[in-house]
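Asks: File run05.pdb below, PDB, C-alpha atoms:
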```
ATOM      1  CA  MET L   1       0.000   0.000   0.000  1.00  0.00           C
ATOM      2  CA  THR L   2       1.340   3.405  -1.005  1.00  0.00           C
ATOM      3  CA  SER L   3       0.096   6.561   0.657  1.00  0.00           C
ATOM      4  CA  ARG L   4       0.454  10.026  -0.816  1.00  0.00           C
ATOM      5  CA  VAL L   5      -0.252  13.390   0.744  1.00  0.00           C
ATOM      6  CA  THR L   6       0.029  16.645  -1.161  1.00  0.00           C
ATOM      7  CA  PHE L   7       0.136  19.637   1.152  1.00  0.00           C
ATOM      8  CA  ILE L   8      -1.102  22.799  -0.561  1.00  0.00           C
ATOM      9  CA  SER L   9      -0.111  25.964   1.271  1.00  0.00           C
ATOM     10  CA  ALA L  10      -3.032  28.356   1.518  1.00  0.00           C
ATOM     11  CA  ALA L  11      -3.333  31.444  -0.682  1.00  0.00           C
ATOM     12  CA  MET L  12      -2.291  34.913   0.477  1.00  0.00           C
ATOM     13  CA  ASN L  13      -4.321  36.803   3.045  1.00  0.00           C
ATOM     14  CA  PRO L  14      -3.678  40.085   4.885  1.00  0.00           C
ATOM     15  CA  SER L  15      -2.328  38.366   8.009  1.00  0.00           C
ATOM     16  CA  LEU L  16       0.329  36.509   6.036  1.00  0.00           C
ATOM     17  CA  ARG L  17       1.297  39.634   4.093  1.00  0.00           C
ATOM     18  CA  GLN L  18       1.674  41.610   7.343  1.00  0.00           C
ATOM     19  CA  ALA L  19       3.523  38.835   9.255  1.00  0.00           C
ATOM     20  CA  ARG L  20       0.587  38.846  11.692  1.00  0.00           C
ATOM     21  CA  PHE L  21      -0.179  35.948  14.015  1.00  0.00           C
ATOM     22  CA  ASP L  22      -3.485  34.906  12.449  1.00  0.00           C
ATOM     23  CA  ASP L  23      -6.432  34.022  14.638  1.00  0.00           C
ATOM     24  CA  GLY L  24      -7.920  31.808  11.910  1.00  0.00           C
ATOM     25  CA  SER L  25     -10.641  34.248  10.855  1.00  0.00           C
ATOM     26  CA  SER L  26      -8.773  36.301   8.250  1.00  0.00           C
ATOM     27  CA  PRO L  27     -10.147  35.749   4.711  1.00  0.00           C
ATOM     28  CA  LEU L  28      -8.184  35.514   1.488  1.00  0.00           C
ATOM     29  CA  GLU L  29      -7.132  38.607  -0.416  1.00  0.00           C
ATOM     30  CA  ASP L  30      -8.907  39.030  -3.751  1.00  0.00           C
ATOM     31  CA  GLY L  31      -5.654  38.334  -5.590  1.00  0.00           C
ATOM     32  CA  GLY L  32      -4.990  35.208  -3.513  1.00  0.00           C
ATOM     33  CA  ALA L  33      -8.456  33.865  -4.236  1.00  0.00           C
ATOM     34  CA  ALA L  34      -8.051  34.591  -7.965  1.00  0.00           C
ATOM     35  CA  ARG L  35      -4.693  32.765  -8.083  1.00  0.00           C
ATOM     36  CA  ALA L  36      -6.228  29.786  -6.290  1.00  0.00           C
ATOM     37  CA  ARG L  37      -9.129  29.657  -8.772  1.00  0.00           C
ATOM     38  CA  ALA L  38      -6.615  29.827 -11.650  1.00  0.00           C
ATOM     39  CA  ALA L  39      -4.748  26.842 -10.181  1.00  0.00           C
ATOM     40  CA  ALA L  40      -7.865  24.721  -9.658  1.00  0.00           C
ATOM     41  CA  GLY L  41      -7.296  22.549 -12.722  1.00  0.00           C
ATOM     42  CA  ALA L  42      -3.656  21.861 -11.832  1.00  0.00           C
ATOM     43  CA  LEU L  43      -4.344  19.678  -8.815  1.00  0.00           C
ATOM     44  CA  PRO L  44      -3.836  15.937  -9.062  1.00  0.00           C
ATOM     45  CA  SER L  45      -6.837  13.727  -8.439  1.00  0.00           C
ATOM     46  CA  ALA L  46      -7.188  12.515  -4.893  1.00  0.00           C
ATOM     47  CA  ALA L  47      -9.291  10.120  -2.860  1.00  0.00           C
ATOM     48  CA  ARG L  48      -9.966  12.782  -0.247  1.00  0.00           C
ATOM     49  CA  ALA L  49      -9.426  16.458   0.501  1.00  0.00           C
ATOM     50  CA  VAL L  50      -8.884  17.923   3.963  1.00  0.00           C
ATOM     51  CA  ALA L  51      -8.185  21.445   5.192  1.00  0.00           C
ATOM     52  CA  SER L  52      -6.856  23.190   8.251  1.00  0.00           C
ATOM     53  CA  PRO L  53      -9.755  24.781  10.133  1.00  0.00           C
ATOM     54  CA  SER L  54      -8.685  28.397   9.433  1.00  0.00           C
ATOM     55  CA  LEU L  55     -10.900  30.495   7.162  1.00  0.00           C
ATOM     56  CA  ARG L  56      -7.932  31.091   4.841  1.00  0.00           C
ATOM     57  CA  CYS L  57      -7.421  27.356   4.290  1.00  0.00           C
ATOM     58  CA  ARG L  58     -11.117  26.621   3.848  1.00  0.00           C
ATOM     59  CA  GLU L  59     -11.484  29.476   1.332  1.00  0.00           C
ATOM     60  CA  THR L  60      -8.380  28.275  -0.540  1.00  0.00           C
ATOM     61  CA  ALA L  61      -9.804  24.747  -0.752  1.00  0.00           C
ATOM     62  CA  THR L  62     -13.073  26.116  -2.154  1.00  0.00           C
ATOM     63  CA  ALA L  63     -11.263  28.344  -4.673  1.00  0.00           C
ATOM     64  CA  LEU L  64      -9.181  25.345  -5.768  1.00  0.00           C
ATOM     65  CA  GLY L  65     -12.387  23.506  -6.587  1.00  0.00           C
ATOM     66  CA  LEU L  66     -12.187  21.078  -3.675  1.00  0.00           C
ATOM     67  CA  GLY L  67     -15.658  22.036  -2.476  1.00  0.00           C
ATOM     68  CA  GLU L  68     -16.178  21.433   1.182  1.00  0.00           C
ATOM     69  CA  ALA L  69     -12.843  19.847   2.043  1.00  0.00           C
ATOM     70  CA  GLU L  70     -13.126  17.900   5.286  1.00  0.00           C
ATOM     71  CA  PRO L  71     -12.048  20.139   8.175  1.00  0.00           C
ATOM     72  CA  CYS L  72      -9.182  18.566  10.080  1.00  0.00           C
ATOM     73  CA  ALA L  73      -8.416  19.930  13.559  1.00  0.00           C
ATOM     74  CA  GLU L  74      -5.145  17.956  13.725  1.00  0.00           C
ATOM     75  CA  LEU L  75      -3.883  20.015  10.767  1.00  0.00           C
ATOM     76  CA  ALA L  76      -4.490  23.368  12.483  1.00  0.00           C
ATOM     77  CA  GLY L  77      -1.645  25.840  12.309  1.00  0.00           C
ATOM     78  CA  LEU L  78       0.467  26.899  15.251  1.00  0.00           C
ATOM     79  CA  ASP L  79      -1.621  28.429  18.046  1.00  0.00           C
ATOM     80  CA  ALA L  80       0.124  31.703  18.936  1.00  0.00           C
ATOM     81  CA  GLY L  81      -1.825  32.157  22.164  1.00  0.00           C
ATOM     82  CA  ARG L  82      -1.999  35.755  23.361  1.00  0.00           C
ATOM     83  CA  TRP L  83       0.034  36.925  20.334  1.00  0.00           C
ATOM     84  CA  ARG L  84      -2.904  36.228  17.990  1.00  0.00           C
ATOM     85  CA  GLY L  85      -3.829  39.315  15.981  1.00  0.00           C
ATOM     86  CA  LEU L  86      -0.456  41.020  16.541  1.00  0.00           C
ATOM     87  CA  THR L  87       2.383  41.375  14.043  1.00  0.00           C
ATOM     88  CA  LEU L  88       5.773  39.845  14.719  1.00  0.00           C
ATOM     89  CA  ASP L  89       7.200  43.386  14.910  1.00  0.00           C
ATOM     90  CA  GLU L  90       4.635  44.380  17.553  1.00  0.00           C
ATOM     91  CA  VAL L  91       5.362  41.330  19.673  1.00  0.00           C
ATOM     92  CA  GLY L  92       9.105  41.739  19.171  1.00  0.00           C
ATOM     93  CA  ALA L  93       8.947  45.331  20.427  1.00  0.00           C
ATOM     94  CA  ALA L  94       6.827  44.412  23.468  1.00  0.00           C
ATOM     95  CA  GLU L  95       8.431  41.063  24.364  1.00  0.00           C
ATOM     96  CA  PRO L  96      11.848  40.787  22.678  1.00  0.00           C
ATOM     97  CA  GLU L  97      13.187  38.111  25.046  1.00  0.00           C
ATOM     98  CA  ALA L  98      10.052  35.990  24.648  1.00  0.00           C
ATOM     99  CA  VAL L  99      10.235  36.158  20.839  1.00  0.00           C
ATOM    100  CA  ALA L 100      13.941  35.310  20.871  1.00  0.00           C
ATOM    101  CA  ARG L 101      13.296  32.324  23.157  1.00  0.00           C
ATOM    102  CA  TRP L 102      10.375  31.146  20.981  1.00  0.00           C
ATOM    103  CA  LEU L 103      12.459  31.337  17.793  1.00  0.00           C
ATOM    104  CA  ALA L 104      15.477  29.587  19.352  1.00  0.00           C
ATOM    105  CA  ASP L 105      13.876  26.910  21.533  1.00  0.00           C
ATOM    106  CA  PRO L 106      11.333  24.593  19.866  1.00  0.00           C
ATOM    107  CA  ALA L 107       9.928  23.670  23.303  1.00  0.00           C
ATOM    108  CA  ALA L 108       9.203  27.297  24.264  1.00  0.00           C
ATOM    109  CA  ALA L 109       5.666  28.680  24.154  1.00  0.00           C
ATOM    110  CA  PRO L 110       5.898  32.046  25.924  1.00  0.00           C
ATOM    111  CA  HIS L 111       2.645  33.144  24.244  1.00  0.00           C
ATOM    112  CA  GLY L 112       0.642  30.412  25.964  1.00  0.00           C
ATOM    113  CA  GLY L 113      -0.175  28.530  22.744  1.00  0.00           C
ATOM    114  CA  ASP L 114       1.626  25.718  20.927  1.00  0.00           C
ATOM    115  CA  SER L 115       5.359  25.248  20.968  1.00  0.00           C
ATOM    116  CA  VAL L 116       7.014  24.419  17.663  1.00  0.00           C
ATOM    117  CA  ARG L 117       7.855  20.987  19.060  1.00  0.00           C
ATOM    118  CA  ASP L 118       4.184  20.395  19.987  1.00  0.00           C
ATOM    119  CA  LEU L 119       3.127  21.329  16.451  1.00  0.00           C
ATOM    120  CA  CYS L 120       5.761  19.034  14.919  1.00  0.00           C
ATOM    121  CA  LEU L 121       4.635  16.144  17.136  1.00  0.00           C
ATOM    122  CA  ARG L 122       0.948  16.710  16.278  1.00  0.00           C
ATOM    123  CA  ILE L 123       1.630  16.790  12.529  1.00  0.00           C
ATOM    124  CA  GLY L 124       3.886  13.739  12.856  1.00  0.00           C
ATOM    125  CA  ARG L 125       1.042  11.823  14.533  1.00  0.00           C
ATOM    126  CA  TRP L 126      -1.321  12.855  11.723  1.00  0.00           C
ATOM    127  CA  LEU L 127       1.201  11.657   9.135  1.00  0.00           C
ATOM    128  CA  ASP L 128       1.641   8.356  10.956  1.00  0.00           C
ATOM    129  CA  THR L 129      -2.121   7.831  10.676  1.00  0.00           C
ATOM    130  CA  ALA L 130      -2.162   9.008   7.045  1.00  0.00           C
ATOM    131  CA  SER L 131       0.519   6.442   6.205  1.00  0.00           C
ATOM    132  CA  GLN L 132      -2.088   3.754   6.901  1.00  0.00           C
ATOM    133  CA  THR L 133      -4.413   5.202   4.240  1.00  0.00           C
ATOM    134  CA  ASP L 134      -4.099   3.899   0.715  1.00  0.00           C
ATOM    135  CA  GLY L 135      -4.394   6.504  -2.027  1.00  0.00           C
ATOM    136  CA  HIS L 136      -3.882  10.221  -2.316  1.00  0.00           C
ATOM    137  CA  THR L 137      -4.926  12.970   0.108  1.00  0.00           C
ATOM    138  CA  LEU L 138      -4.902  16.674  -0.727  1.00  0.00           C
ATOM    139  CA  ALA L 139      -4.440  18.821   2.387  1.00  0.00           C
ATOM    140  CA  VAL L 140      -4.828  22.616   2.247  1.00  0.00           C
ATOM    141  CA  VAL L 141      -2.861  23.884   5.220  1.00  0.00           C
ATOM    142  CA  GLU L 142      -0.977  26.766   6.795  1.00  0.00           C
ATOM    143  CA  PRO L 143       2.747  27.132   5.958  1.00  0.00           C
ATOM    144  CA  ASP L 144       3.769  26.092   9.471  1.00  0.00           C
ATOM    145  CA  VAL L 145       1.982  22.757   9.008  1.00  0.00           C
ATOM    146  CA  VAL L 146       4.066  22.126   5.879  1.00  0.00           C
ATOM    147  CA  ARG L 147       7.228  22.997   7.829  1.00  0.00           C
ATOM    148  CA  ALA L 148       6.264  20.556  10.583  1.00  0.00           C
ATOM    149  CA  ALA L 149       5.571  17.814   8.023  1.00  0.00           C
ATOM    150  CA  VAL L 150       8.983  18.361   6.423  1.00  0.00           C
ATOM    151  CA  VAL L 151      10.666  18.137   9.840  1.00  0.00           C
ATOM    152  CA  HIS L 152       8.852  14.852  10.513  1.00  0.00           C
ATOM    153  CA  VAL L 153       9.462  13.273   7.115  1.00  0.00           C
ATOM    154  CA  LEU L 154      13.176  14.089   7.175  1.00  0.00           C
ATOM    155  CA  GLY L 155      13.599  13.089  10.819  1.00  0.00           C
ATOM    156  CA  ALA L 156      15.112  16.522  11.360  1.00  0.00           C
ATOM    157  CA  PRO L 157      15.295  18.167  14.769  1.00  0.00           C
ATOM    158  CA  ALA L 158      12.528  20.640  15.560  1.00  0.00           C
ATOM    159  CA  THR L 159      15.176  23.399  15.426  1.00  0.00           C
ATOM    160  CA  ALA L 160      15.068  22.978  11.619  1.00  0.00           C
ATOM    161  CA  PHE L 161      11.437  24.188  11.544  1.00  0.00           C
ATOM    162  CA  TRP L 162      12.300  27.843  10.873  1.00  0.00           C
ATOM    163  CA  ARG L 163      14.744  26.911   8.086  1.00  0.00           C
ATOM    164  CA  ALA L 164      11.983  26.011   5.579  1.00  0.00           C
ATOM    165  CA  ASP L 165      10.201  28.734   3.607  1.00  0.00           C
ATOM    166  CA  VAL L 166       6.766  27.817   2.269  1.00  0.00           C
ATOM    167  CA  PRO L 167       5.306  30.260  -0.282  1.00  0.00           C
ATOM    168  CA  PRO L 168       1.537  30.528  -0.771  1.00  0.00           C
ATOM    169  CA  LEU L 169      -0.080  28.124  -3.242  1.00  0.00           C
ATOM    170  CA  THR L 170       2.757  25.660  -3.510  1.00  0.00           C
ATOM    171  CA  ALA L 171       2.493  21.910  -3.339  1.00  0.00           C
ATOM    172  CA  THR L 172       4.699  19.783  -1.137  1.00  0.00           C
ATOM    173  CA  GLY L 173       4.193  16.109  -1.799  1.00  0.00           C
ATOM    174  CA  ILE L 174       5.085  13.154   0.312  1.00  0.00           C
ATOM    175  CA  SER L 175       4.624   9.526  -0.539  1.00  0.00           C
ATOM    176  CA  GLY L 176       5.591   6.301   1.019  1.00  0.00           C
ATOM    177  CA  ARG L 177       4.771   2.938   2.415  1.00  0.00           C
ATOM    178  CA  ALA L 178       5.598   0.932   5.503  1.00  0.00           C
ATOM    179  CA  GLY L 179       6.151   4.089   7.551  1.00  0.00           C
ATOM    180  CA  ARG L 180       8.835   5.518   5.250  1.00  0.00           C
ATOM    181  CA  TRP L 181       8.046   8.829   3.582  1.00  0.00           C
ATOM    182  CA  ASN L 182       9.741  10.472   0.605  1.00  0.00           C
ATOM    183  CA  LEU L 183       9.529  14.235   0.136  1.00  0.00           C
ATOM    184  CA  GLY L 184       8.831  16.324  -2.979  1.00  0.00           C
ATOM    185  CA  LEU L 185       9.231  20.033  -2.200  1.00  0.00           C
ATOM    186  CA  GLY L 186       7.443  23.228  -3.220  1.00  0.00           C
ATOM    187  CA  ARG L 187       6.034  22.617  -6.667  1.00  0.00           C
ATOM    188  CA  PRO L 188       4.157  25.724  -7.816  1.00  0.00           C
ATOM    189  CA  LEU L 189       0.584  25.066  -8.826  1.00  0.00           C
ATOM    190  CA  ASN L 190       0.234  25.681 -12.565  1.00  0.00           C
ATOM    191  CA  GLY L 191      -1.934  28.690 -13.188  1.00  0.00           C
ATOM    192  CA  ALA L 192      -1.214  30.255  -9.778  1.00  0.00           C
TER
END
```
Take the structure in this file and express it as structure tokens.

Replies:
Amino acid sequence: MTSRVTFISAAMNPSLRQARFDDGSSPLEDGGAARARAAAGALPSAARAVASPSLRCRETATALGLGEAEPCAELAGLDAGRWRGLTLDEVGAAEPEAVARWLADPAAAPHGGDSVRDLCLRIGRWLDTASQTDGHTLAVVEPDVVRAAVVHVLGAPATAFWRADVPPLTATGISGRAGRWNLGLGRPLNGA
């Protein structure tokens, strides 16, 4: 049995453009939605489609023609706790030591939300379950979910999380069997 998961990073929204810790309710920009609609025909066929619970991911899935992709709480992005709604610059000015600790230590969660390590472990558990599913899954997710998946698939330390850039509307594919994943990175969606 071979399992495949294609992670599609969500289209651009104002929070992403402003480096703002999104609270999950920020919609797509008009241009982001248009690019997602243009890429709709470029997606491979899949047995199922899932999406992170954020509005941005759900709207991207709809624009890509995936209809009502199954919401998947396990694929939620990093919970930034009390930093939600603020920009990285705002938090950095108010709490420079906390931001530095959060960026350097994957176990740190000074904001009261998820640590990077917690996110990586949660996405790793989801992938372990997905490896038992035959066929192809399309997952529209936040960029940090893609980073966590890459860390898991490569067996990299959680400190590698911040070393992966994930542009909007790119596909990161993984495939494998018997618990061994192979990684295909950042293919742009044709038409996007």

Asks: Determine the residue membership of the PyMOL selection byres ((chain L and resi 38) around 12) for the file above and supply it as JSON, numbers by chain.

Replies: {"L": [11, 31, 32, 33, 34, 35, 36, 37, 39, 40, 41, 42, 43, 60, 63, 64, 65, 169, 189, 190, 191, 192]}

Asks: Residues picked by the PyMOL selection byres ((chain L and resi 184) around 7) here, as a ChimeraX atom specification?

Replies: /L:172-174,182-183,185

Asks: If you count all atoms listed in the file, which residues fall within 12 Å of Asp105 (chain L), apart from same-chain ones fewer than 2 positions away, as an MDAnalysis selection string?

Replies: chainID L and resid 97:103 107:110 115:118 157:162

Asks: In Å to one decimal, how far is CA of Leu121 (chain L) from CA of Ser15 (chain L)?

Replies: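 These atoms are spaced 25.0 Å apart.
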
Asks: To verify the selection step, state as a ChimeraX atom specification which residues the PyMOL selection byres ((chain L and resi 127-138) around 10) yields on this input.

Replies: /L:1-8,43-51,61,66,69,75,121-126,139-141,149,152-153,171,173-181

Asks: Which residue gives the smallest distance to Met12 (chain L) among L:Pro96, L:Ser25, L:Gly81, L:Asp30, with only C-alpha atoms counted?

Replies: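 So, comparing all the options, the nearest one is L:Asp30.
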
Asks: Expressed in Å to a single decimal, how great is the separation between CA of Gly113 (chain L) and CA of Asp79 (chain L)?

Replies: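 Distance reported for this atom pair: 4.9 Å.
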
Asks: Hey, can I get the axis-aligned box for region 4-12 of chain L? All listed atoms, 4 Å padding on each side, centre and edge lengths in Å to one decimal, as lines of an AutoDock Vina configuration file.

Replies:
```
center_x = -1.4
center_y = 22.5
center_z = 0.2
size_x = 11.8
size_y = 32.9
size_z = 10.7
```

Asks: What is the distance between CA of Arg84 (chain L) and CA of Pro14 (chain L), in Å to one decimal?

Replies: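 Between these atoms lies a distance of 13.7 Å.
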
Asks: Point out the residue among L:Gly24, L:Gly67, L:Pro53, L:Pro143 with the least atom-to-atom distance to Ala164 (chain L), counting all atoms listed in the file.

Replies: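 Checking each of L:Gly24, L:Gly67, L:Pro53, L:Pro143 against Ala164 (chain L), counting all atoms listed in the file, the winner is L:Pro143.
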
Asks: Taking all atoms listed in the file into account, name the residue in L:Thr170, L:Asn13, L:Thr87, L:Gln18 that is nearest to Glu59 (chain L).

Replies: L:Asn13

Asks: For a cutoff of 12 Å around the file-coordinate point (2.1, 39.6, 11.7), which residues qualify once you count all atoms listed in the file? I'd like the result as a list in words.

Replies: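 The residues that fall inside the cut-off are Asn13, Pro14, Ser15, Leu16, Arg17, Gln18, Ala19, Arg20, Phe21, Asp22, Asp23, Ser26, Ala80, Trp83, Arg84, Gly85, Leu86, Thr87, Leu88, Asp89, Glu90, Val91 and Gly92 of chain L.
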
Asks: Could you dump the residues just selected with C-alpha atoms as a PDB file, in the frame of the given file?

Replies:
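Output file result-v7.pdb follows:
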```
ATOM      1  CA  ASN L  13      -4.321  36.803   3.045  1.00  0.00           C
ATOM      2  CA  PRO L  14      -3.678  40.085   4.885  1.00  0.00           C
ATOM      3  CA  SER L  15      -2.328  38.366   8.009  1.00  0.00           C
ATOM      4  CA  LEU L  16       0.329  36.509   6.036  1.00  0.00           C
ATOM      5  CA  ARG L  17       1.297  39.634   4.093  1.00  0.00           C
ATOM      6  CA  GLN L  18       1.674  41.610   7.343  1.00  0.00           C
ATOM      7  CA  ALA L  19       3.523  38.835   9.255  1.00  0.00           C
ATOM      8  CA  ARG L  20       0.587  38.846  11.692  1.00  0.00           C
ATOM      9  CA  PHE L  21      -0.179  35.948  14.015  1.00  0.00           C
ATOM     10  CA  ASP L  22      -3.485  34.906  12.449  1.00  0.00           C
ATOM     11  CA  ASP L  23      -6.432  34.022  14.638  1.00  0.00           C
ATOM     12  CA  SER L  26      -8.773  36.301   8.250  1.00  0.00           C
ATOM     13  CA  ALA L  80       0.124  31.703  18.936  1.00  0.00           C
ATOM     14  CA  TRP L  83       0.034  36.925  20.334  1.00  0.00           C
ATOM     15  CA  ARG L  84      -2.904  36.228  17.990  1.00  0.00           C
ATOM     16  CA  GLY L  85      -3.829  39.315  15.981  1.00  0.00           C
ATOM     17  CA  LEU L  86      -0.456  41.020  16.541  1.00  0.00           C
ATOM     18  CA  THR L  87       2.383  41.375  14.043  1.00  0.00           C
ATOM     19  CA  LEU L  88       5.773  39.845  14.719  1.00  0.00           C
ATOM     20  CA  ASP L  89       7.200  43.386  14.910  1.00  0.00           C
ATOM     21  CA  GLU L  90       4.635  44.380  17.553  1.00  0.00           C
ATOM     22  CA  VAL L  91       5.362  41.330  19.673  1.00  0.00           C
ATOM     23  CA  GLY L  92       9.105  41.739  19.171  1.00  0.00           C
TER      24      GLY L  92
END
```

Asks: Starting from the sparse input, extend region 20-29 of chain L to all heavy atoms and give the output as a PDB file, in the coordinates of the input.

Replies:
```pdb
ATOM      1  N   ARG L  20       1.465  38.750  10.525  1.00  0.00           N
ATOM      2  CA  ARG L  20       0.587  38.846  11.692  1.00  0.00           C
ATOM      3  C   ARG L  20       0.240  37.437  12.160  1.00  0.00           C
ATOM      4  O   ARG L  20      -0.023  36.551  11.355  1.00  0.00           O
ATOM      5  CB  ARG L  20      -0.680  39.607  11.309  1.00  0.00           C
ATOM      6  CG  ARG L  20      -1.643  39.868  12.449  1.00  0.00           C
ATOM      7  CD  ARG L  20      -2.805  40.759  11.996  1.00  0.00           C
ATOM      8  NE  ARG L  20      -2.367  42.038  11.456  1.00  0.00           N
ATOM      9  CZ  ARG L  20      -2.021  43.096  12.180  1.00  0.00           C
ATOM     10  NH1 ARG L  20      -2.031  43.030  13.496  1.00  0.00           N
ATOM     11  NH2 ARG L  20      -1.640  44.216  11.601  1.00  0.00           N
ATOM     12  N   PHE L  21       0.248  37.232  13.459  1.00  0.00           N
ATOM     13  CA  PHE L  21      -0.179  35.948  14.015  1.00  0.00           C
ATOM     14  C   PHE L  21      -1.686  35.844  13.794  1.00  0.00           C
ATOM     15  O   PHE L  21      -2.470  36.517  14.455  1.00  0.00           O
ATOM     16  CB  PHE L  21       0.167  35.849  15.504  1.00  0.00           C
ATOM     17  CG  PHE L  21       1.640  35.792  15.766  1.00  0.00           C
ATOM     18  CD1 PHE L  21       2.335  36.925  16.159  1.00  0.00           C
ATOM     19  CD2 PHE L  21       2.340  34.600  15.616  1.00  0.00           C
ATOM     20  CE1 PHE L  21       3.698  36.881  16.408  1.00  0.00           C
ATOM     21  CE2 PHE L  21       3.708  34.548  15.859  1.00  0.00           C
ATOM     22  CZ  PHE L  21       4.387  35.690  16.257  1.00  0.00           C
ATOM     23  N   ASP L  22      -2.086  35.015  12.871  1.00  0.00           N
ATOM     24  CA  ASP L  22      -3.485  34.906  12.449  1.00  0.00           C
ATOM     25  C   ASP L  22      -4.309  34.208  13.521  1.00  0.00           C
ATOM     26  O   ASP L  22      -3.857  33.263  14.160  1.00  0.00           O
ATOM     27  CB  ASP L  22      -3.558  34.129  11.133  1.00  0.00           C
ATOM     28  CG  ASP L  22      -4.875  34.289  10.407  1.00  0.00           C
ATOM     29  OD1 ASP L  22      -5.705  35.105  10.825  1.00  0.00           O
ATOM     30  OD2 ASP L  22      -5.064  33.583   9.410  1.00  0.00           O
ATOM     31  N   ASP L  23      -5.534  34.673  13.686  1.00  0.00           N
ATOM     32  CA  ASP L  23      -6.432  34.022  14.638  1.00  0.00           C
ATOM     33  C   ASP L  23      -7.348  33.019  13.946  1.00  0.00           C
ATOM     34  O   ASP L  23      -8.254  32.465  14.559  1.00  0.00           O
ATOM     35  CB  ASP L  23      -7.255  35.059  15.406  1.00  0.00           C
ATOM     36  CG  ASP L  23      -8.211  35.838  14.512  1.00  0.00           C
ATOM     37  OD1 ASP L  23      -8.252  35.601  13.290  1.00  0.00           O
ATOM     38  OD2 ASP L  23      -8.932  36.700  15.051  1.00  0.00           O
ATOM     39  N   GLY L  24      -7.132  32.792  12.651  1.00  0.00           N
ATOM     40  CA  GLY L  24      -7.920  31.808  11.910  1.00  0.00           C
ATOM     41  C   GLY L  24      -9.141  32.372  11.225  1.00  0.00           C
ATOM     42  O   GLY L  24      -9.826  31.665  10.505  1.00  0.00           O
ATOM     43  N   SER L  25      -9.424  33.669  11.427  1.00  0.00           N
ATOM     44  CA  SER L  25     -10.641  34.248  10.855  1.00  0.00           C
ATOM     45  C   SER L  25     -10.370  35.236   9.725  1.00  0.00           C
ATOM     46  O   SER L  25     -11.288  35.869   9.234  1.00  0.00           O
ATOM     47  CB  SER L  25     -11.459  34.939  11.949  1.00  0.00           C
ATOM     48  OG  SER L  25     -10.750  36.049  12.464  1.00  0.00           O
ATOM     49  N   SER L  26      -9.130  35.346   9.301  1.00  0.00           N
ATOM     50  CA  SER L  26      -8.773  36.301   8.250  1.00  0.00           C
ATOM     51  C   SER L  26      -9.013  35.675   6.871  1.00  0.00           C
ATOM     52  O   SER L  26      -8.456  34.625   6.558  1.00  0.00           O
ATOM     53  CB  SER L  26      -7.305  36.706   8.407  1.00  0.00           C
ATOM     54  OG  SER L  26      -6.961  37.684   7.464  1.00  0.00           O
ATOM     55  N   PRO L  27      -9.841  36.314   6.032  1.00  0.00           N
ATOM     56  CA  PRO L  27     -10.147  35.749   4.711  1.00  0.00           C
ATOM     57  C   PRO L  27      -9.013  35.966   3.715  1.00  0.00           C
ATOM     58  O   PRO L  27      -8.065  36.704   3.972  1.00  0.00           O
ATOM     59  CB  PRO L  27     -11.391  36.535   4.289  1.00  0.00           C
ATOM     60  CG  PRO L  27     -11.230  37.861   4.958  1.00  0.00           C
ATOM     61  CD  PRO L  27     -10.543  37.573   6.281  1.00  0.00           C
ATOM     62  N   LEU L  28      -9.152  35.341   2.569  1.00  0.00           N
ATOM     63  CA  LEU L  28      -8.184  35.514   1.488  1.00  0.00           C
ATOM     64  C   LEU L  28      -8.255  36.922   0.911  1.00  0.00           C
ATOM     65  O   LEU L  28      -9.315  37.546   0.912  1.00  0.00           O
ATOM     66  CB  LEU L  28      -8.461  34.532   0.347  1.00  0.00           C
ATOM     67  CG  LEU L  28      -8.273  33.060   0.617  1.00  0.00           C
ATOM     68  CD1 LEU L  28      -8.590  32.261  -0.647  1.00  0.00           C
ATOM     69  CD2 LEU L  28      -6.871  32.767   1.096  1.00  0.00           C
ATOM     70  N   GLU L  29      -7.132  37.398   0.396  1.00  0.00           N
ATOM     71  CA  GLU L  29      -7.132  38.607  -0.416  1.00  0.00           C
ATOM     72  C   GLU L  29      -7.782  38.266  -1.747  1.00  0.00           C
ATOM     73  O   GLU L  29      -7.774  37.101  -2.180  1.00  0.00           O
ATOM     74  CB  GLU L  29      -5.703  39.064  -0.691  1.00  0.00           C
ATOM     75  CG  GLU L  29      -4.941  39.541   0.497  1.00  0.00           C
ATOM     76  CD  GLU L  29      -3.522  39.955   0.143  1.00  0.00           C
ATOM     77  OE1 GLU L  29      -3.030  39.649  -0.964  1.00  0.00           O
ATOM     78  OE2 GLU L  29      -2.898  40.580   0.992  1.00  0.00           O
TER      79      GLU L  29
END
```
